[in-house]
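Undergrad: Here you go, this is upload_16.pdb (PDB, C-alpha atoms).
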ATOM      1  CA  MET A 282       9.450  15.042 -12.582
ATOM      2  CA  ALA A 283       7.398  14.647 -15.723
ATOM      3  CA  LEU A 284       7.669  10.891 -15.493
ATOM      4  CA  TYR A 285       4.173  10.412 -14.133
ATOM      5  CA  GLN A 286       2.389  12.523 -16.709
ATOM      6  CA  GLN A 287       0.264  10.730 -19.236
ATOM      7  CA  THR A 288       1.203  13.071 -22.063
ATOM      8  CA  ASP A 289       0.962  12.818 -25.791
ATOM      9  CA  PRO A 290       4.590  12.786 -26.988
ATOM     10  CA  VAL A 291       3.557  14.130 -30.388
ATOM     11  CA  ALA A 292       1.810  17.116 -28.814
ATOM     12  CA  ARG A 293       4.855  17.716 -26.624
ATOM     13  CA  LYS A 294       7.173  17.319 -29.654
ATOM     14  CA  GLY A 295       9.170  14.470 -28.168
ATOM     15  CA  ALA A 296       9.672  16.173 -24.795
ATOM     16  CA  ALA A 297       7.836  13.500 -22.801
ATOM     17  CA  VAL A 298       9.925  11.846 -20.109
ATOM     18  CA  THR A 299       9.642   8.069 -19.825
ATOM     19  CA  PHE A 300       9.123   6.145 -16.613
ATOM     20  CA  ALA A 301      12.500   4.492 -17.178
ATOM     21  CA  GLN A 302      14.247   7.858 -17.312
ATOM     22  CA  LEU A 303      12.703   8.898 -14.012
ATOM     23  CA  ALA A 304      13.526   5.608 -12.349
ATOM     24  CA  LEU A 305      17.132   5.856 -13.520
ATOM     25  CA  SER A 306      17.449   9.457 -12.355
ATOM     26  CA  ASP A 307      16.388   8.374  -8.867
ATOM     27  CA  GLY A 308      19.062   5.655  -8.747
ATOM     28  CA  GLY A 309      16.726   2.708  -9.260
ATOM     29  CA  LEU A 310      14.911   0.834 -11.970
ATOM     30  CA  ALA A 311      12.155  -1.780 -11.988
ATOM     31  CA  LEU A 312      12.920  -4.529 -14.509
ATOM     32  CA  GLY A 313       9.485  -6.077 -14.706
ATOM     33  CA  ASN A 314       5.789  -5.759 -14.035
ATOM     34  CA  ALA A 315       5.085  -5.758 -10.292
ATOM     35  CA  GLY A 316       1.412  -6.515 -10.889
ATOM     36  CA  LEU A 317       0.037  -4.005  -8.386
ATOM     37  CA  ALA A 318      -3.320  -5.189  -7.037
ATOM     38  CA  ILE A 319      -5.590  -4.919  -4.015
ATOM     39  CA  ASP A 320      -4.232  -6.561  -0.848
ATOM     40  CA  THR A 321      -7.098  -7.418   1.492
ATOM     41  CA  ASN A 322      -9.469  -4.444   1.468
ATOM     42  CA  PHE A 323      -7.488  -1.300   2.081
ATOM     43  CA  ASP A 324      -3.896  -1.786   0.934
ATOM     44  CA  VAL A 325      -1.992  -2.596  -2.264
ATOM     45  CA  LYS A 326       0.452  -5.434  -2.989
ATOM     46  CA  ASN A 327       2.743  -6.478  -5.802
ATOM     47  CA  ALA A 328       1.210  -9.715  -7.061
ATOM     48  CA  ASN A 329       4.371 -10.562  -9.014
ATOM     49  CA  ALA A 330       7.963 -10.940  -7.925
ATOM     50  CA  VAL A 331      10.028  -8.321  -9.719
ATOM     51  CA  ASP A 332      13.705  -7.540 -10.090
ATOM     52  CA  ILE A 333      14.937  -4.034  -9.384
ATOM     53  CA  VAL A 334      18.320  -2.406  -9.891
ATOM     54  CA  ILE A 335      19.687   0.152  -7.448
ATOM     55  CA  ASP A 336      23.118   1.635  -8.088
ATOM     56  CA  GLY A 337      23.985  -1.336 -10.289
ATOM     57  CA  ILE A 338      22.931  -3.971  -7.734
ATOM     58  CA  PHE A 339      20.150  -6.407  -8.619
ATOM     59  CA  VAL A 340      17.561  -7.133  -5.925
ATOM     60  CA  THR A 341      14.593  -9.473  -6.272
ATOM     61  CA  VAL A 342      11.410  -8.188  -4.665
ATOM     62  CA  ALA A 343       9.259 -11.133  -3.601
ATOM     63  CA  ALA A 344       5.575 -11.119  -4.510
ATOM     64  CA  ASP A 345       3.002  -9.960  -1.968
ATOM     65  CA  GLN A 346       4.851  -7.047  -0.358
ATOM     66  CA  THR A 347       2.189  -4.847   1.257
ATOM     67  CA  PHE A 348       1.995  -1.144   0.424
ATOM     68  CA  ASP A 349       0.102   0.254   3.423
ATOM     69  CA  THR A 350      -2.212   3.123   2.403
ATOM     70  CA  GLY A 351      -2.226   4.447   5.967
ATOM     71  CA  THR A 352      -5.236   5.676   7.931
ATOM     72  CA  THR A 353      -5.201   9.440   7.613
ATOM     73  CA  LYS A 354      -5.531  10.344   3.923
ATOM     74  CA  ALA A 355      -9.076  11.516   3.154
ATOM     75  CA  VAL A 356     -10.452  12.271  -0.309
ATOM     76  CA  ASP A 357     -13.412  14.599  -0.811
ATOM     77  CA  THR A 358     -16.642  13.505  -2.450
ATOM     78  CA  GLY A 359     -16.370  12.956  -6.206
ATOM     79  CA  ASN A 360     -12.598  13.571  -6.402
ATOM     80  CA  TRP A 361      -9.703  11.453  -7.648
ATOM     81  CA  ILE A 362      -6.343  10.880  -5.968
ATOM     82  CA  ALA A 363      -3.244   8.968  -7.038
ATOM     83  CA  PHE A 364      -0.377   7.561  -4.995
ATOM     84  CA  LEU A 365       3.047   6.115  -5.725
ATOM     85  CA  CYS A 366       4.099   2.654  -4.550
ATOM     86  CA  SER A 367       7.864   2.522  -4.033
ATOM     87  CA  ILE A 368      10.312   0.179  -2.340
ATOM     88  CA  ASP A 369      13.728   0.439  -0.678
ATOM     89  CA  ALA A 370      16.934  -1.320  -1.704
ATOM     90  CA  ASP A 371      16.224  -4.108   0.800
ATOM     91  CA  GLY A 372      13.299  -5.218  -1.369
ATOM     92  CA  THR A 373      10.901  -5.349   1.585
ATOM     93  CA  THR A 374      10.431  -1.809   2.946
ATOM     94  CA  THR A 375       7.489  -0.282   1.073
ATOM     95  CA  TYR A 376       6.158   3.257   0.853
ATOM     96  CA  VAL A 377       2.967   4.993  -0.286
ATOM     97  CA  ASP A 378       3.152   8.681  -1.230
ATOM     98  CA  TYR A 379      -0.022  10.563  -2.147
ATOM     99  CA  GLY A 380      -0.423  13.301  -4.716
ATOM    100  CA  ALA A 381      -3.037  16.057  -4.587
ATOM    101  CA  GLU A 382      -6.756  15.506  -5.093
ATOM    102  CA  ALA A 383      -8.144  16.416  -8.498
ATOM    103  CA  ALA A 384     -11.376  16.482 -10.470
ATOM    104  CA  THR A 385     -10.248  13.793 -12.955
ATOM    105  CA  GLU A 386      -8.006  10.754 -12.960
ATOM    106  CA  ALA A 387      -5.643  12.372 -15.469
ATOM    107  CA  LEU A 388      -5.207  15.426 -13.231
ATOM    108  CA  ALA A 389      -4.646  13.255 -10.148
ATOM    109  CA  ILE A 390      -1.935  11.316 -12.001
ATOM    110  CA  ALA A 391      -0.383  14.577 -13.220
ATOM    111  CA  ALA A 392      -0.267  15.758  -9.589
ATOM    112  CA  LEU A 393       2.230  12.958  -8.914
ATOM    113  CA  ASP A 394       4.806  15.201 -10.593
ATOM    114  CA  ASP A 395       4.981  17.052  -7.275
ATOM    115  CA  VAL A 396       5.587  13.889  -5.219
ATOM    116  CA  THR A 397       9.045  12.694  -4.217
ATOM    117  CA  PRO A 398       9.036   8.916  -3.727
ATOM    118  CA  SER A 399      10.094   7.769  -0.243
ATOM    119  CA  GLY A 400      11.507   4.499  -1.588
ATOM    120  CA  GLU A 401      14.331   4.197  -4.061
ATOM    121  CA  VAL A 402      12.402   2.409  -6.817
ATOM    122  CA  VAL A 403       8.872   3.246  -7.932
ATOM    123  CA  LEU A 404       7.023   0.050  -8.874
ATOM    124  CA  GLY A 405       3.861   1.831  -9.950
ATOM    125  CA  TYR A 406       0.992   4.012  -8.873
ATOM    126  CA  VAL A 407      -2.691   3.706  -8.059
ATOM    127  CA  ALA A 408      -5.511   6.125  -8.872
ATOM    128  CA  LEU A 409      -8.894   6.012  -7.169
ATOM    129  CA  THR A 410     -12.091   8.015  -6.983
ATOM    130  CA  THR A 411     -14.841   8.360  -4.412
ATOM    131  CA  HIS A 412     -18.543   7.973  -5.021
ATOM    132  CA  ALA A 413     -20.474  11.153  -5.795
ATOM    133  CA  THR A 414     -22.017  11.118  -2.309
ATOM    134  CA  ASN A 415     -19.215   9.745  -0.095
ATOM    135  CA  THR A 416     -15.700  10.678   0.936
ATOM    136  CA  TRP A 417     -12.938   8.036   1.033
ATOM    137  CA  THR A 418     -10.470   7.584   3.885
ATOM    138  CA  ALA A 419      -7.412   5.340   3.618
ATOM    139  CA  GLY A 420      -7.471   2.368   5.970
ATOM    140  CA  THR A 421     -11.156   2.891   6.744
ATOM    141  CA  ASP A 422     -12.714   2.735   3.288
ATOM    142  CA  ALA A 423     -11.826  -0.124   0.943
ATOM    143  CA  LEU A 424     -10.373   0.067  -2.522
ATOM    144  CA  GLN A 425     -12.705  -1.028  -5.337
ATOM    145  CA  GLY A 426     -13.155  -4.799  -5.071
ATOM    146  CA  GLY A 427     -12.769  -4.780  -1.294
ATOM    147  CA  THR A 428     -15.303  -4.469   1.493
ATOM    148  CA  GLY A 429     -15.589  -1.988   4.315
ATOM    149  CA  GLY A 430     -16.639   1.616   4.712
ATOM    150  CA  ASN A 431     -17.230   3.776   1.633
ATOM    151  CA  VAL A 432     -15.626   1.561  -1.027
ATOM    152  CA  SER A 433     -13.930   3.600  -3.783
ATOM    153  CA  ALA A 434     -16.009   3.922  -6.944
ATOM    154  CA  ASP A 435     -13.031   3.099  -9.166
ATOM    155  CA  THR A 436      -9.457   1.972  -8.453
ATOM    156  CA  ASN A 437      -6.891   1.659 -11.251
ATOM    157  CA  TYR A 438      -3.412   0.139 -10.915
ATOM    158  CA  TYR A 439      -0.502   1.250 -13.118
ATOM    159  CA  ASN A 440       2.820  -0.587 -13.136
ATOM    160  CA  VAL A 441       6.135   1.071 -13.936
ATOM    161  CA  CYS A 442       8.559  -1.113 -15.873
ATOM    162  CA  GLY A 443      12.036  -0.062 -16.953
ATOM    163  CA  TRP A 444      11.910  -1.839 -20.298
ATOM    164  CA  VAL A 445      11.165   0.843 -22.858
ATOM    165  CA  GLN A 446       9.743  -0.209 -26.214
TER     166      GLN A 446
END
In structure tokens, write the structure found in this file.
TA:
Amino acid sequence: MALYQQTDPVARKGAAVTFAQLALSDGGLALGNAGLAIDTNFDVKNANAVDIVIDGIFVTVAADQTFDTGTTKAVDTGNWIAFLCSIDADGTTTYVDYGAEAATEALAIAALDDVTPSGEVVLGYVALTTHATNTWTAGTDALQGGTGGNVSADTNYYNVCGWVQ
């Protein structure tokens, strides 16, 4: 699923797959910006309400749904990791699915190609890195901007929207 790759469409001669194409192929589509952001210290939320379409049915996802990062995922010192934030057709059941660790943010995002979303609609993804001297463990160590444990050195939020320009 090349949807998650941050590729240069010119270099790939127009072969890049858009986020909208991936969302449609999975039976769902986000119709707006979910506004992914930190929720408390360790988890992610959608700060904005957003409409989604699943099999032709419109569902409104209320703001502030929590995407629980879990408590078992550990990231080695100095590495990046990215994870998908997806939601079920009910608009309230959220999922977090991690990709593989990588040396750079771009490689961590590219590793999402190997991830199958648990939910039916991907609202976005998050990439984070550890400090050079500390590991990061989900649920124990905060995302950047939070407090607790070994706070991530950098946390970036990317929203997937079905409107293609």
Undergrad: Can you pull out every residue within 12 Å of stretch 412-416 of chain A, counting all atoms listed in the file, but drop anything in the same chain fewer than 4 positions away, and send it as number ranges by chain?
TA: A: 354-362, 382, 384, 421-425, 430-436
Undergrad: Can you work out which one of A:Ala370, A:Ala315, A:Leu388, A:Val342 has the shortest atom-to-atom distance to A:Asn329, counting only C-alpha atoms?
TA: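 Under the stated criterion, the closest residue is A:Ala315.
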Undergrad: If we count all atoms listed in the file, what is near A:Ala392 at a cut-off of 6 Å, once residues fewer than 3 positions away on the same chain are taken out, given as a ChimeraX atom specification?
TA: /A:380-381,389,395
Undergrad: Up to 8 Å from (13.0, -9.4, 0.6) in the file's coordinates: name the residues, counting all atoms listed in the file, as a list in words.
TA: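 With a cut-off of 8 Å, the residues come to Thr341, Val342, Ala343, Asp371, Gly372 and Thr373 of chain A.
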Undergrad: Would you mind reading off the distance between atom CA of A:Asn327 and atom CA of A:Ile368, one decimal, in Å?
TA: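 The value is 10.7 Å.
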Undergrad: Using the chain letters and numbering of this document, enumerate as a PyMOL selection string the residues selected by the PyMOL selection byres ((chain A and resi 316-325) around 12).
TA: chain A and resi 311+313-315+326-331+342-352+354+364-367+375-377+403-409+417-433+436-442
Undergrad: Can you tell me how far atom CA of A:Thr385 sits from atom CA of A:Thr353, in Å to one decimal?
TA: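 One can read the atom CA of A:Thr385 to atom CA of A:Thr353 distance as 21.6 Å.
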Undergrad: Between A:Gly309, A:Thr397, A:Ala363, A:Ala383, which has the minimum distance to A:Val340 (counting all atoms listed in the file)?
TA: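 Nearest to A:Val340: A:Gly309.
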Undergrad: Would you give the centre and edge lengths, in Å to one decimal, of a box along x, y and z around the listed atoms of stretch 361-374 of chain A, with 4 Å added to each side, as lines of an AutoDock Vina configuration file?
TA:
center_x = 3.6
center_y = 3.1
center_z = -2.4
size_x = 34.6
size_y = 24.8
size_z = 18.6
Undergrad: What is the distance, in Å and to one decimal place, between atom CA of A:Tyr379 and atom CA of A:Asp394?
TA: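 Distance reported for this atom pair: 10.8 Å.
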